[in-house]
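Colleague: Pasting a structure here, questions to come.
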Amino acid sequence: MYRIGEPESKRVEKLLESGEMFRYGKAGECDLFEAEWGKRLGGAQVRMTTSGTASLYCALVGMKIGPGDSVMIPACTYMATALAVVAAGAIPVIVEVDESMTISPEDIEKRIQPHTKAIIPVHMWGLPCNMDAIMEIADRHGILVLEDACQAVGGGYEGRMLGAIGHVGAFSFNYFKNM
């Protein structure tokens, strides 16, 4: 669980005293967070949302995923992954996991159909998916990759930050998540 000390309390106090707690108008803290997180991810553009689920949904819509499209998701994930796909109007396609308990690149290859537009590898419990294999498959078939790093904030794979390897990444800073 979080340990909140004086530096964190002072930062919250400063924010409350500023009266600038919302994104609209003077969005200092939001802008600062987005810029700093983008730097940490290697220069990525970052936009905050209300939750990891909202991040997944917004990413899918931004990737122009919608009705008539199918999106591959792992059999082992949180329900938000499938819900975001359904909310975007697309169809979730369940893909088996391998011994890593993450989405199986071999099963991804078997399940690609003409309507497959995206793959959502989920780095569940901080366990990284085989992103090299997933990106190779996606690039070969012209499929977009939305990394769900909601349960792997700050994690890495082969020297790269999780959530910054695919075409788009989604994160959650909910206090129940492992960070």
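The way I read the labels, and the way they are meant: chains A, B, ... in the order of the structure tokens, residue 1 as the first residue of every chain, and ligand 1 as the first ligand shown, with later ones counted on from there.
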List the neighbours of Ile134 in chain A out to 12 Å using only C-alpha atoms; skip same-chain residues closer than 6 positions along the sequence, and give me the result as a PyMOL selection string.
Modeller: chain A and resi 72+102-109+118-122+128+140-147+165-167
Colleague: So which bits of range 6-130 of chain A end up alpha helix (DSSP H) when you DSSP the backbone, as number ranges by chain?
Modeller: A: 6-18, 28-40, 52-62, 79-87, 105-111
Colleague: Run DSSP on the backbone of this structure and report the residues of range 45-103 of chain A it assigns to strand (DSSP E), as number ranges by chain.
Modeller: A: 70-74, 91-95
Colleague: Met101 in chain A: which residues within 12 Å, counting only C-alpha atoms, same-chain residues fewer than 2 positions away excluded, as a list in words?
Modeller: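 Skipping anything fewer than 2 positions along the chain leaves Pro74, Ala75, Cys76, Thr77, Val95, Glu96, Val97, Asp98, Glu99, Ile103, Ser104, Pro105, Pro121, Val122, His123, Met124, Trp125, Gly126, Leu127, Pro128, Cys129 and Asn130 of chain A.
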Colleague: Excluding His115 in chain A and residues on its chain fewer than 4 positions from it, collect all residues at most 7 Å away from it, counting only C-alpha atoms, and give them as a ChimeraX atom specification.
Modeller: /A:68-70
Colleague: Please, could you write that set of residues out with all heavy atoms as a PDB file, in the first residue's frame?
Modeller:
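The result, stored in again_25.pdb:
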ATOM      1  N   GLY A  68     -17.568  -3.964 -36.881  1.00  0.00           N
ATOM      2  CA  GLY A  68     -17.062  -4.784 -37.973  1.00  0.00           C
ATOM      3  C   GLY A  68     -15.626  -5.238 -37.774  1.00  0.00           C
ATOM      4  O   GLY A  68     -15.143  -6.105 -38.495  1.00  0.00           O
ATOM      5  N   ASP A  69     -14.931  -4.646 -36.792  1.00  0.00           N
ATOM      6  CA  ASP A  69     -13.540  -5.013 -36.521  1.00  0.00           C
ATOM      7  C   ASP A  69     -13.481  -6.043 -35.402  1.00  0.00           C
ATOM      8  O   ASP A  69     -14.347  -6.080 -34.534  1.00  0.00           O
ATOM      9  CB  ASP A  69     -12.724  -3.783 -36.081  1.00  0.00           C
ATOM     10  CG  ASP A  69     -12.643  -2.714 -37.157  1.00  0.00           C
ATOM     11  OD1 ASP A  69     -12.749  -3.062 -38.352  1.00  0.00           O
ATOM     12  OD2 ASP A  69     -12.490  -1.530 -36.795  1.00  0.00           O
ATOM     13  N   SER A  70     -12.446  -6.862 -35.426  1.00  0.00           N
ATOM     14  CA  SER A  70     -12.206  -7.765 -34.303  1.00  0.00           C
ATOM     15  C   SER A  70     -10.868  -7.410 -33.676  1.00  0.00           C
ATOM     16  O   SER A  70      -9.951  -6.948 -34.353  1.00  0.00           O
ATOM     17  CB  SER A  70     -12.261  -9.227 -34.731  1.00  0.00           C
ATOM     18  OG  SER A  70     -11.217  -9.539 -35.612  1.00  0.00           O
TER      19      SER A  70
END
Colleague: At a cut-off of 10 Å, using only C-alpha atoms, what residues contact Thr49 in chain A? Leave out same-chain residues fewer than 3 positions from it and give the result as a ChimeraX atom specification.
Modeller: /A:46,52-58,170-172
